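Listing of structure-v3.txt; format and content: compact mmCIF, C-alpha atoms.
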```txt
# COMPACT_ATOMS: atom_id res chain seq x y z
CA MET P 5 99.73 138.84 192.05
CA THR P 6 96.24 139.32 193.45
CA SER P 7 95.58 142.07 195.92
CA ASP P 8 94.91 139.37 198.56
CA THR P 9 98.54 138.37 198.57
CA ILE P 10 99.77 141.87 199.28
CA VAL P 11 96.95 143.16 201.43
CA SER P 12 98.90 143.12 204.65
CA MET P 13 102.23 144.44 203.31
CA ALA P 14 101.44 147.94 204.51
CA ARG P 15 101.66 146.97 208.17
CA TRP P 16 104.55 144.50 207.84
CA GLN P 17 107.13 147.16 207.10
CA PRO P 18 109.07 148.24 210.16
CA ASP P 19 109.38 151.91 209.23
CA ALA P 20 106.80 154.59 208.47
CA ARG P 21 108.20 155.20 204.99
CA GLY P 22 108.04 151.54 204.03
CA ARG P 23 104.53 151.13 205.44
CA LEU P 24 103.22 154.15 203.59
CA ALA P 25 104.84 153.05 200.31
CA ALA P 26 103.36 149.56 200.65
CA ALA P 27 99.93 150.99 201.54
CA ALA P 28 100.05 153.29 198.50
CA LEU P 29 100.97 150.41 196.18
CA GLU P 30 98.17 148.25 197.56
CA LEU P 31 95.55 150.98 197.26
CA PHE P 32 96.60 152.19 193.81
CA HIS P 33 96.35 148.56 192.69
CA GLU P 34 92.97 147.97 194.34
CA ARG P 35 91.20 151.26 193.59
CA GLY P 36 93.34 153.07 191.02
CA PHE P 37 95.72 155.98 191.50
CA GLU P 38 93.12 158.71 190.94
CA GLN P 39 90.62 157.14 193.31
CA THR P 40 93.07 156.85 196.20
CA THR P 41 93.59 159.76 198.59
CA VAL P 42 96.55 160.44 200.85
CA THR P 43 94.14 160.02 203.78
CA ASP P 44 93.33 156.49 202.55
CA ILE P 45 97.02 155.65 202.31
CA ALA P 46 97.86 156.95 205.77
CA ALA P 47 94.89 155.06 207.27
CA ARG P 48 95.90 151.78 205.61
CA ALA P 49 99.43 152.19 207.00
CA GLY P 50 98.10 153.02 210.47
CA LEU P 51 99.69 156.48 210.32
CA ASP P 52 98.45 160.02 209.81
CA LYS P 53 98.34 162.29 206.78
CA ARG P 54 100.94 164.69 208.17
CA THR P 55 103.45 161.86 208.42
CA PHE P 56 102.75 161.01 204.79
CA TYR P 57 103.35 164.55 203.58
CA ARG P 58 106.47 164.91 205.70
CA LEU P 59 107.98 161.77 204.17
CA PHE P 60 106.74 162.00 200.57
CA GLY P 61 105.61 165.50 199.66
CA ASP P 62 102.86 164.28 197.34
CA LYS P 63 100.81 161.21 196.43
CA ARG P 64 102.84 160.31 193.37
CA GLU P 65 106.07 160.20 195.33
CA ALA P 66 104.89 157.17 197.32
CA LEU P 67 105.42 154.98 194.24
CA PHE P 68 109.08 155.98 194.02
CA SER P 69 110.27 155.20 197.52
CA GLY P 70 112.87 152.75 196.23
CA ASP P 71 114.68 155.38 194.19
CA ASN P 72 117.21 156.35 196.82
CA LEU P 73 118.39 152.77 197.26
CA LEU P 74 118.54 152.34 193.50
CA ALA P 75 120.66 155.49 193.13
CA GLU P 76 122.94 154.33 195.93
CA ILE P 77 123.59 150.95 194.30
CA LEU P 78 124.16 152.55 190.90
CA VAL P 79 126.62 155.12 192.23
CA LYS P 80 128.57 152.49 194.16
CA ALA P 81 128.74 150.17 191.15
CA VAL P 82 129.82 152.96 188.80
CA ALA P 83 132.54 154.03 191.23
CA GLU P 84 133.81 150.46 191.62
CA THR P 85 133.67 149.21 188.02
CA ASP P 86 136.82 149.33 185.94
CA ALA P 87 135.67 149.37 182.31
CA ASP P 88 134.91 151.91 179.56
CA PRO P 89 132.19 154.39 180.56
CA PHE P 90 129.29 152.75 178.67
CA GLU P 91 130.22 149.26 179.90
CA THR P 92 130.52 150.69 183.42
CA VAL P 93 126.96 152.05 183.35
CA VAL P 94 125.62 148.79 181.90
CA THR P 95 127.39 146.84 184.65
CA ALA P 96 125.90 149.16 187.27
CA PHE P 97 122.38 148.55 185.96
CA ARG P 98 123.02 144.80 186.02
CA ARG P 99 123.99 145.17 189.68
CA VAL P 100 120.68 146.98 190.33
CA ALA P 101 118.84 144.23 188.47
CA GLU P 102 120.35 141.63 190.76
CA GLU P 103 120.10 143.51 194.04
CA ILE P 104 116.70 145.18 193.65
CA PHE P 105 114.60 143.63 190.90
CA ALA P 106 115.37 139.90 190.77
CA ASP P 107 112.65 137.87 192.54
CA ARG P 108 110.24 140.82 192.53
CA LEU P 109 108.77 140.50 189.05
CA ASP P 110 105.14 140.29 190.23
CA LEU P 111 105.47 143.36 192.40
CA VAL P 112 107.31 145.27 189.67
CA ARG P 113 104.63 144.37 187.11
CA MET P 114 101.91 145.54 189.45
CA ARG P 115 103.70 148.84 190.06
CA GLN P 116 104.40 149.37 186.36
CA ALA P 117 100.75 148.80 185.44
CA ILE P 118 99.80 151.58 187.87
CA ILE P 119 102.34 153.95 186.33
CA ASP P 120 101.34 153.07 182.77
CA GLY P 121 97.74 153.95 183.64
CA SER P 122 98.48 157.52 184.72
CA PRO P 123 100.08 160.30 182.63
CA GLU P 124 100.91 162.11 185.90
CA LEU P 125 102.83 159.09 187.17
CA GLN P 126 104.56 158.66 183.82
CA GLU P 127 105.77 162.26 184.04
CA ARG P 128 107.09 161.67 187.53
CA GLU P 129 108.82 158.46 186.45
CA LEU P 130 110.54 160.21 183.57
CA ARG P 131 111.71 162.98 185.88
CA LYS P 132 113.04 160.39 188.34
CA THR P 133 114.90 158.55 185.59
CA ASN P 134 116.33 161.84 184.44
CA ARG P 135 117.56 162.73 187.90
CA LEU P 136 119.03 159.27 188.32
CA ALA P 137 120.86 159.70 185.03
CA ALA P 138 122.29 163.02 186.23
CA THR P 139 123.61 161.28 189.35
CA VAL P 140 125.23 158.48 187.34
CA ALA P 141 126.82 160.95 184.91
CA ALA P 142 128.17 162.98 187.84
CA THR P 143 129.73 159.81 189.28
CA LEU P 144 131.44 159.08 185.96
CA ARG P 145 132.74 162.67 185.83
CA ALA P 146 134.10 162.27 189.34
CA LYS P 147 136.13 159.34 187.97
CA GLY P 148 137.66 161.64 185.37
CA VAL P 149 135.40 160.84 182.41
CA GLY P 150 134.85 163.85 180.10
CA ASP P 151 131.60 165.75 180.29
CA THR P 152 129.94 164.68 177.04
CA THR P 153 131.26 161.14 177.20
CA ALA P 154 129.80 160.80 180.70
CA THR P 155 126.41 162.04 179.50
CA LEU P 156 126.35 159.86 176.38
CA ALA P 157 127.48 156.72 178.22
CA THR P 158 124.86 157.33 180.89
CA GLU P 159 122.00 158.06 178.52
CA SER P 160 122.88 155.01 176.42
CA GLY P 161 123.00 152.89 179.56
CA VAL P 162 119.60 154.22 180.66
CA THR P 163 118.19 153.39 177.23
CA VAL P 164 119.53 149.84 177.53
CA PHE P 165 118.00 149.50 180.98
CA ARG P 166 114.62 150.86 179.88
CA VAL P 167 114.37 148.54 176.89
CA ALA P 168 115.53 145.51 178.90
CA PHE P 169 113.13 146.41 181.72
CA ALA P 170 110.19 146.69 179.30
CA ARG P 171 111.04 143.23 177.93
CA TRP P 172 111.31 141.85 181.43
CA VAL P 173 107.91 143.09 182.64
CA ALA P 174 106.14 142.14 179.40
CA PRO P 175 103.83 139.13 179.87
CA GLY P 176 105.17 135.65 179.24
CA ARG P 177 108.89 136.33 179.64
CA ASP P 178 111.14 134.18 181.76
CA VAL P 179 114.63 135.63 181.36
CA ALA P 180 116.59 137.29 184.18
CA LEU P 181 116.68 141.09 183.93
CA THR P 182 120.48 141.10 184.21
CA ASP P 183 120.73 138.85 181.14
CA LEU P 184 118.30 141.03 179.20
CA ILE P 185 120.41 144.08 180.02
CA ALA P 186 123.55 142.39 178.62
CA GLU P 187 121.59 141.34 175.53
CA VAL P 188 120.18 144.80 174.83
CA ALA P 189 123.57 146.45 175.44
CA ALA P 190 125.02 144.29 172.66
CA GLU P 191 122.11 145.27 170.42
CA LEU P 192 122.69 148.97 171.10
CA ARG P 193 126.37 148.61 170.23
CA ALA P 194 125.34 147.02 166.94
CA VAL P 195 122.75 149.70 166.14
CA THR P 196 125.16 152.58 166.71
CA SER P 197 128.22 151.05 165.08
CA ALA P 198 128.85 152.96 161.87
CA MET S 230 116.12 189.00 174.08
CA THR S 231 114.41 191.51 176.36
CA SER S 232 110.70 191.29 176.99
CA ASP S 233 110.32 194.60 175.09
CA THR S 234 111.26 192.96 171.83
CA ILE S 235 108.64 190.26 172.11
CA VAL S 236 105.89 192.19 173.83
CA SER S 237 103.63 192.38 170.81
CA MET S 238 104.16 188.84 169.46
CA ALA S 239 100.96 187.64 171.06
CA ARG S 240 98.79 189.73 168.78
CA TRP S 241 100.88 189.33 165.61
CA GLN S 242 100.02 185.67 165.15
CA PRO S 243 97.16 185.09 162.73
CA ASP S 244 95.60 182.14 164.55
CA ALA S 245 94.24 181.76 168.07
CA ARG S 246 96.65 178.95 168.88
CA GLY S 247 99.70 180.95 167.83
CA ARG S 248 98.53 184.04 169.67
CA LEU S 249 97.92 182.14 172.88
CA ALA S 250 101.28 180.36 172.67
CA ALA S 251 103.10 183.65 172.10
CA ALA S 252 101.18 185.32 174.94
CA ALA S 253 102.07 182.44 177.28
CA LEU S 254 105.76 182.65 176.38
CA GLU S 255 105.81 186.41 176.93
CA LEU S 256 104.05 186.22 180.28
CA PHE S 257 106.03 183.25 181.62
CA HIS S 258 109.16 185.21 180.71
CA GLU S 259 107.96 188.47 182.28
CA ARG S 260 106.29 187.18 185.43
CA GLY S 261 107.31 183.55 185.80
CA PHE S 262 105.32 180.40 185.04
CA GLU S 263 103.77 180.07 188.51
CA GLN S 264 102.72 183.71 188.64
CA THR S 265 100.92 183.62 185.29
CA THR S 266 97.28 182.50 185.07
CA VAL S 267 95.40 181.20 182.05
CA THR S 268 93.18 184.29 182.36
CA ASP S 269 96.28 186.49 181.97
CA ILE S 270 97.37 184.56 178.88
CA ALA S 271 93.96 184.76 177.22
CA ALA S 272 93.71 188.49 177.97
CA ARG S 273 97.17 189.18 176.50
CA ALA S 274 96.19 187.30 173.34
CA GLY S 275 92.86 189.15 173.11
CA LEU S 276 90.93 185.91 173.51
CA ASP S 277 88.95 184.22 176.27
CA LYS S 278 89.84 181.52 178.77
CA ARG S 279 87.50 178.95 177.20
CA THR S 280 89.34 179.27 173.90
CA PHE S 281 92.60 178.64 175.74
CA TYR S 282 91.34 175.48 177.41
CA ARG S 283 89.78 174.21 174.21
CA LEU S 284 93.10 174.56 172.36
CA PHE S 285 95.60 173.60 175.07
CA GLY S 286 93.97 171.71 177.92
CA ASP S 287 96.26 173.18 180.58
CA LYS S 288 98.70 176.03 181.19
CA ARG S 289 101.82 173.94 180.65
CA GLU S 290 100.70 172.84 177.22
CA ALA S 291 100.98 176.39 175.85
CA LEU S 292 104.78 176.08 175.88
CA PHE S 293 104.67 173.01 173.64
CA SER S 294 102.59 174.31 170.76
CA GLY S 295 105.39 173.62 168.26
CA ASP S 296 105.45 169.92 168.99
CA ASN S 297 103.07 168.86 166.26
CA LEU S 298 105.10 170.56 163.56
CA LEU S 299 108.27 169.07 164.99
CA ALA S 300 106.77 165.56 164.94
CA GLU S 301 105.56 166.09 161.39
CA ILE S 302 109.02 167.09 160.14
CA LEU S 303 110.67 164.20 161.99
CA VAL S 304 108.26 161.61 160.62
CA LYS S 305 108.61 162.90 157.06
CA ALA S 306 112.42 162.93 157.31
CA VAL S 307 112.56 159.42 158.80
CA ALA S 308 110.26 158.11 156.08
CA GLU S 309 112.36 159.73 153.31
CA THR S 310 115.90 159.01 154.52
CA ASP S 311 117.72 156.01 153.13
CA ALA S 312 120.37 155.08 155.71
CA ASP S 313 120.80 152.75 158.69
CA PRO S 314 118.18 153.37 161.43
CA PHE S 315 120.41 155.38 163.80
CA GLU S 316 121.75 157.56 160.97
CA THR S 317 118.17 158.03 159.75
CA VAL S 318 117.05 159.40 163.11
CA VAL S 319 120.10 161.66 163.36
CA THR S 320 119.39 162.99 159.85
CA ALA S 321 115.77 163.64 160.81
CA PHE S 322 116.82 165.68 163.85
CA ARG S 323 119.22 167.68 161.68
CA ARG S 324 116.26 168.45 159.40
CA VAL S 325 114.31 169.69 162.44
CA ALA S 326 117.30 171.77 163.49
CA GLU S 327 117.35 173.48 160.10
CA GLU S 328 113.61 173.90 159.61
CA ILE S 329 112.53 174.83 163.15
CA PHE S 330 115.42 175.92 165.36
CA ALA S 331 117.95 177.73 163.16
CA ASP S 332 117.63 181.55 163.52
CA ARG S 333 115.54 181.20 166.68
CA LEU S 334 118.28 180.79 169.27
CA ASP S 335 117.15 183.75 171.42
CA LEU S 336 113.56 182.56 171.53
CA VAL S 337 114.62 178.98 172.23
CA ARG S 338 116.92 180.11 175.06
CA MET S 339 114.10 182.14 176.60
CA ARG S 340 111.71 179.20 176.42
CA GLN S 341 114.28 176.78 177.82
CA ALA S 342 115.01 179.05 180.79
CA ILE S 343 111.29 178.97 181.64
CA ILE S 344 111.21 175.17 181.46
CA ASP S 345 114.40 174.80 183.48
CA GLY S 346 112.84 176.91 186.23
CA SER S 347 109.81 174.66 186.76
CA PRO S 348 109.81 170.96 187.73
CA GLU S 349 106.24 170.74 186.39
CA LEU S 350 107.36 171.98 182.99
CA GLN S 351 110.36 169.67 183.02
CA GLU S 352 108.04 166.72 183.59
CA ARG S 353 105.85 167.80 180.71
CA GLU S 354 108.88 168.27 178.46
CA LEU S 355 110.15 164.78 179.24
CA ARG S 356 106.73 163.32 178.49
CA LYS S 357 106.60 165.20 175.20
CA THR S 358 110.05 163.95 174.23
CA ASN S 359 108.98 160.44 175.11
CA ARG S 360 105.88 160.65 172.98
CA LEU S 361 107.89 162.08 170.11
CA ALA S 362 110.33 159.18 170.41
CA ALA S 363 107.44 156.72 170.24
CA THR S 364 106.26 158.36 167.00
CA VAL S 365 109.72 158.21 165.45
CA ALA S 366 110.18 154.56 166.45
CA ALA S 367 106.77 153.72 164.96
CA THR S 368 107.83 155.37 161.70
CA LEU S 369 111.00 153.27 161.59
CA ARG S 370 108.95 150.13 162.25
CA ALA S 371 106.63 151.06 159.41
CA LYS S 372 109.73 151.03 157.19
CA GLY S 373 110.41 147.43 158.24
CA VAL S 374 112.97 148.08 161.00
CA GLY S 375 112.79 145.50 163.81
CA ASP S 376 111.12 146.44 167.07
CA THR S 377 114.14 146.73 169.37
CA THR S 378 116.39 148.20 166.70
CA ALA S 379 113.78 150.89 166.06
CA THR S 380 113.60 151.74 169.77
CA LEU S 381 117.37 151.76 170.28
CA ALA S 382 118.06 153.84 167.17
CA THR S 383 115.36 156.32 168.20
CA GLU S 384 116.47 156.62 171.82
CA SER S 385 120.08 157.04 170.76
CA GLY S 386 119.03 159.71 168.26
CA VAL S 387 117.02 161.50 170.97
CA THR S 388 120.07 161.40 173.26
CA VAL S 389 122.19 162.93 170.52
CA PHE S 390 119.63 165.64 169.94
CA ARG S 391 119.28 166.45 173.65
CA VAL S 392 123.04 166.74 174.19
CA ALA S 393 123.52 168.81 171.02
CA PHE S 394 120.56 171.03 171.95
CA ALA S 395 121.96 171.64 175.46
CA ARG S 396 125.29 172.68 173.90
CA TRP S 397 123.50 174.95 171.45
CA VAL S 398 121.47 176.84 174.05
CA ALA S 399 124.39 177.13 176.49
CA PRO S 400 125.71 180.70 176.68
CA GLY S 401 128.56 181.77 174.42
CA ARG S 402 128.19 179.15 171.68
CA ASP S 403 128.12 180.03 168.03
CA VAL S 404 127.83 176.72 166.18
CA ALA S 405 124.80 175.68 164.12
CA LEU S 406 122.59 173.11 165.84
CA THR S 407 122.71 170.82 162.81
CA ASP S 408 126.53 170.71 163.03
CA LEU S 409 126.40 170.02 166.76
CA ILE S 410 124.04 167.10 166.13
CA ALA S 411 126.48 165.57 163.62
CA GLU S 412 129.34 166.10 166.08
CA VAL S 413 127.54 164.49 169.02
CA ALA S 414 126.35 161.57 166.87
CA ALA S 415 130.00 160.79 166.09
CA GLU S 416 130.82 161.02 169.80
CA LEU S 417 128.00 158.62 170.68
CA ARG S 418 129.25 156.12 168.10
CA ALA S 419 132.69 156.31 169.70
CA VAL S 420 131.33 155.90 173.26
CA THR S 421 129.28 152.81 172.43
CA SER S 422 131.81 151.11 170.17
CA ALA S 423 133.14 148.09 172.02
```
Could I get this file's structure written as C-alpha cells?
Amino acid sequence: MTSDTIVSMARWQPDARGRLAAAALELFHERGFEQTTVTDIAARAGLDKRTFYRLFGDKREALFSGDNLLAEILVKAVAETDADPFETVVTAFRRVAEEIFADRLDLVRMRQAIIDGSPELQERELRKTNRLAATVAATLRAKGVGDTTATLATESGVTVFRVAFARWVAPGRDVALTDLIAEVAAELRAVTSA
Amino acid sequence: MTSDTIVSMARWQPDARGRLAAAALELFHERGFEQTTVTDIAARAGLDKRTFYRLFGDKREALFSGDNLLAEILVKAVAETDADPFETVVTAFRRVAEEIFADRLDLVRMRQAIIDGSPELQERELRKTNRLAATVAATLRAKGVGDTTATLATESGVTVFRVAFARWVAPGRDVALTDLIAEVAAELRAVTSA
C-alpha cells in the first residue's frame, strides 16, 4: 500500500479516536514513528493535541486503538465456545482473524513494519499482548477452568496466533490467517506431545 | 529481605557493572523505581553517571544485568541436550533454575516486586524475554530443528518457565524452581494434547 492510497483515511473516520489513529498510522508510515509528533497527528486529523492526549495518553498508544475491539471479540468467543481450553482459545483467535484481520493484510503489514522498526513500539505491543492474554485467561477461569490450565491454554493460544500472524504478514503469502492459525495449532500440539 | 541486609551489596561487587546493578536494586527497593535517579545509583556504587550510561544505556537496564549470563547458560544447555526440541528447552530452563535462581529466592522476589510495580519495567522485561526466546530458537535451528518447530518449542518452554517462576516467587511456596518447571511442563503437555 502506498501512502497515497491511505492519505485521506484520517479525515474519513467518523469519530475523533478513529481519525487520530488513522492520522498516526499515516504519519508513522510517511515520516517514521520517531519523526512524528503528537501535534502533527492532531493536525492531520483536524483535531487538537489535548484531544489526542485525552483519548490515547501517549504517542505509542495511537497504534493500538483496535485492541479493545480485539479483546471484546476474543472474550465473547471464549465464553461461547464449547471445547477444551486450548481449542477454545485457538477458536477465539480464528474468530478475531475473520472479524478483524481478513481483508486488511496491506494495512496490517504497514502497521507491523512501523512496530518492527521501533523498540519502544515493540515493548508496547508485548505489553498489550500480555494484557490481552490476562483477559482471555480470566474469561476461561470464569468458565470454571483451573488457574494454571487457563494460563497455559491461553499462552499456548497466543503463541499459535503470533506464529500464524508472522507467517501471514510475511511477504509472498496468500493463505487466510484463520487457516494458518489452525495449521500452527496442529503443529504446536505435535511439538508438545511427549 | 529487609533493605538493611542488602545495603552494602553495591560496594561488595568487584566490577563496576555488578556494583551499579546492586546499587540500582537497593535503591529501587528503598525508594521506588520512579524516585531513583541514575545519579543516585552511581553515587551509591561509588562511581560516576557516565560509567553508568556507558554500561547500561538507561535506568531500566540496570535491573537486567543478569540477562547475558542467563542467555549463555540457556544456549549452552540447548546445544548440549539430546532430546526433542520442547524437552530440550525445558531442560535448559531447569539448568538456569539451578545455576542462577536456586538459593536466591529473597533477592528474586525483591526484584520482581520492583518490576511488577512499574509498567515501564514490565515492558522492558517482556522485551528481554522475547529477545532471549529468539536466541534459544536460533540455537535450536542451528541444531537442525525446523523453523516453526524451533519457535513453538521455545515459546512453549518460555511459557512453562514463566508460569513456574510465578509459582516460585508467590508467597508461601517452598518447592525448588527446577521441580516446578518439570511439573508445569507436564501440565502444558496435558493441556495441548488433543
What are the closest atom pairs, with distances in Å to one decimal, for all residues of chain S lying within 12 Å of chain P? Consider all atoms listed in the file, order rows by chain and residue number, and present the result as a Markdown table.
```
| residue | atom | partner | partner_atom | distance |
| --- | --- | --- | --- | --- |
| S:Ala312 | CA | P:Ala198 | CA | 10.7 |
| S:Asp313 | CA | P:Val195 | CA | 8.3 |
| S:Pro314 | CA | P:Val195 | CA | 7.5 |
| S:Phe315 | CA | P:Thr196 | CA | 6.2 |
| S:Glu316 | CA | P:Thr196 | CA | 8.3 |
| S:Thr317 | CA | P:Thr196 | CA | 11.3 |
| S:Val318 | CA | P:Thr196 | CA | 11.2 |
| S:Val319 | CA | P:Thr196 | CA | 10.9 |
| S:Ser347 | CA | P:Arg131 | CA | 11.9 |
| S:Pro348 | CA | P:Arg131 | CA | 8.4 |
| S:Glu349 | CA | P:Glu127 | CA | 8.8 |
| S:Leu350 | CA | P:Glu127 | CA | 9.9 |
| S:Gln351 | CA | P:Arg131 | CA | 7.4 |
| S:Glu352 | CA | P:Glu127 | CA | 5.0 |
| S:Arg353 | CA | P:Glu127 | CA | 6.5 |
| S:Glu354 | CA | P:Glu127 | CA | 8.8 |
| S:Leu355 | CA | P:Leu130 | CA | 6.3 |
| S:Arg356 | CA | P:Glu127 | CA | 5.7 |
| S:Lys357 | CA | P:Glu127 | CA | 9.4 |
| S:Thr358 | CA | P:Leu130 | CA | 10.1 |
| S:Asn359 | CA | P:Leu130 | CA | 8.6 |
| S:Arg360 | CA | P:Gln126 | CA | 11.1 |
| S:Ala362 | CA | P:Thr163 | CA | 11.9 |
| S:Val374 | CA | P:Val195 | CA | 11.2 |
| S:Gly375 | CA | P:Val195 | CA | 11.1 |
| S:Asp376 | CA | P:Val167 | CA | 10.6 |
| S:Thr377 | CA | P:Val167 | CA | 7.7 |
| S:Thr378 | CA | P:Val195 | CA | 6.6 |
| S:Ala379 | CA | P:Val195 | CA | 9.0 |
| S:Thr380 | CA | P:Val167 | CA | 7.8 |
| S:Leu381 | CA | P:Leu192 | CA | 6.1 |
| S:Ala382 | CA | P:Val195 | CA | 6.3 |
| S:Thr383 | CA | P:Thr163 | CA | 9.9 |
| S:Glu384 | CA | P:Thr163 | CA | 6.5 |
| S:Ser385 | CA | P:Ser160 | CA | 6.6 |
| S:Gly386 | CA | P:Thr196 | CA | 9.5 |
| S:Val387 | CA | P:Glu159 | CA | 9.7 |
| S:Thr388 | CA | P:Glu159 | CA | 6.5 |
| S:Val389 | CA | P:Leu156 | CA | 7.8 |
| S:Phe390 | CA | P:Leu156 | CA | 11.0 |
| S:Arg391 | CA | P:Leu156 | CA | 10.0 |
| S:Val392 | CA | P:Thr152 | CA | 7.7 |
| S:Ala393 | CA | P:Thr152 | CA | 9.7 |
| S:Ala395 | CA | P:Thr152 | CA | 10.7 |
| S:Arg396 | CA | P:Thr152 | CA | 9.8 |
| S:Glu412 | CA | P:Thr152 | CA | 11.1 |
| S:Val413 | CA | P:Thr152 | CA | 8.4 |
| S:Ala414 | CA | P:Thr196 | CA | 9.1 |
| S:Ala415 | CA | P:Ala198 | CA | 9.0 |
| S:Glu416 | CA | P:Thr153 | CA | 7.4 |
| S:Leu417 | CA | P:Leu156 | CA | 6.1 |
| S:Arg418 | CA | P:Thr196 | CA | 5.6 |
| S:Ala419 | CA | P:Ser197 | CA | 8.3 |
| S:Val420 | CA | P:Ala157 | CA | 6.3 |
| S:Thr421 | CA | P:Arg193 | CA | 5.6 |
| S:Ser422 | CA | P:Arg193 | CA | 6.0 |
| S:Ala423 | CA | P:Arg193 | CA | 7.0 |
```
Point to revise | All residues 10 Å or closer to Glu84 (chain P), only C-alpha atoms, same chain fewer than 6 positions away omitted, as a PyMOL selection string | key: chain P and resi 78+92+96+147
Review point. Which neighbours of region 279-283 of chain S fall inside 12 Å, counting only C-alpha atoms, when residues of the same chain fewer than 5 positions from it are skipped, and could you give them as an MDAnalysis selection string?
Key: chainID S and resid 244:250 252:253 266:274 288:291 294
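Look at Gly295 (chain S): the protein and nucleic acid residues within 12 Å of it, using all atoms listed in the file and passing over chain neighbours fewer than 6 places away, are Arg246, Gly247, Ala250, Ala251, Phe285, Glu301, Ile302, Val325, Glu328, Ile329, Phe330, Val337, Arg340, Lys357 and Leu361 of chain S.
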What would the file look like if the residues just selected were written as a CSV table (one decimal), in the coordinates of the input with C-alpha atoms?
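Saved as result.csv:
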```csv
chain,number,residue,atom,x,y,z
S,246,ARG,CA,96.6,179.0,168.9
S,247,GLY,CA,99.7,181.0,167.8
S,250,ALA,CA,101.3,180.4,172.7
S,251,ALA,CA,103.1,183.6,172.1
S,285,PHE,CA,95.6,173.6,175.1
S,301,GLU,CA,105.6,166.1,161.4
S,302,ILE,CA,109.0,167.1,160.1
S,325,VAL,CA,114.3,169.7,162.4
S,328,GLU,CA,113.6,173.9,159.6
S,329,ILE,CA,112.5,174.8,163.2
S,330,PHE,CA,115.4,175.9,165.4
S,337,VAL,CA,114.6,179.0,172.2
S,340,ARG,CA,111.7,179.2,176.4
S,357,LYS,CA,106.6,165.2,175.2
S,361,LEU,CA,107.9,162.1,170.1
```
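For the atom pair formed by CA of Leu298 (chain S) and CA of Arg323 (chain S), the distance is 14.5 Å, given to one decimal.
Of note, CA of Leu299 (chain S) and CA of Phe169 (chain P) are spaced 28.6 Å apart.
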Practice item. List the neighbours of Gly401 (chain S) out to 12 Å using all atoms listed in the file; skip same-chain residues closer than 6 positions along the sequence, and give me the result as a ChimeraX atom specification. Key: /S:334-335,338
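Counting from CA of Met114 (chain P), the distance to CA of Phe37 (chain P) is 12.3 Å.
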With 4 Å on each side, where is the centre of the axis-aligned box around all listed atoms of region 107-123 of chain P, and how long are its edges in Å to one decimal, as AutoDock Vina command-line options?
```
--center_x 105.2 --center_y 149.1 --center_z 187.6 --size_x 22.9 --size_y 30.4 --size_z 17.9
```
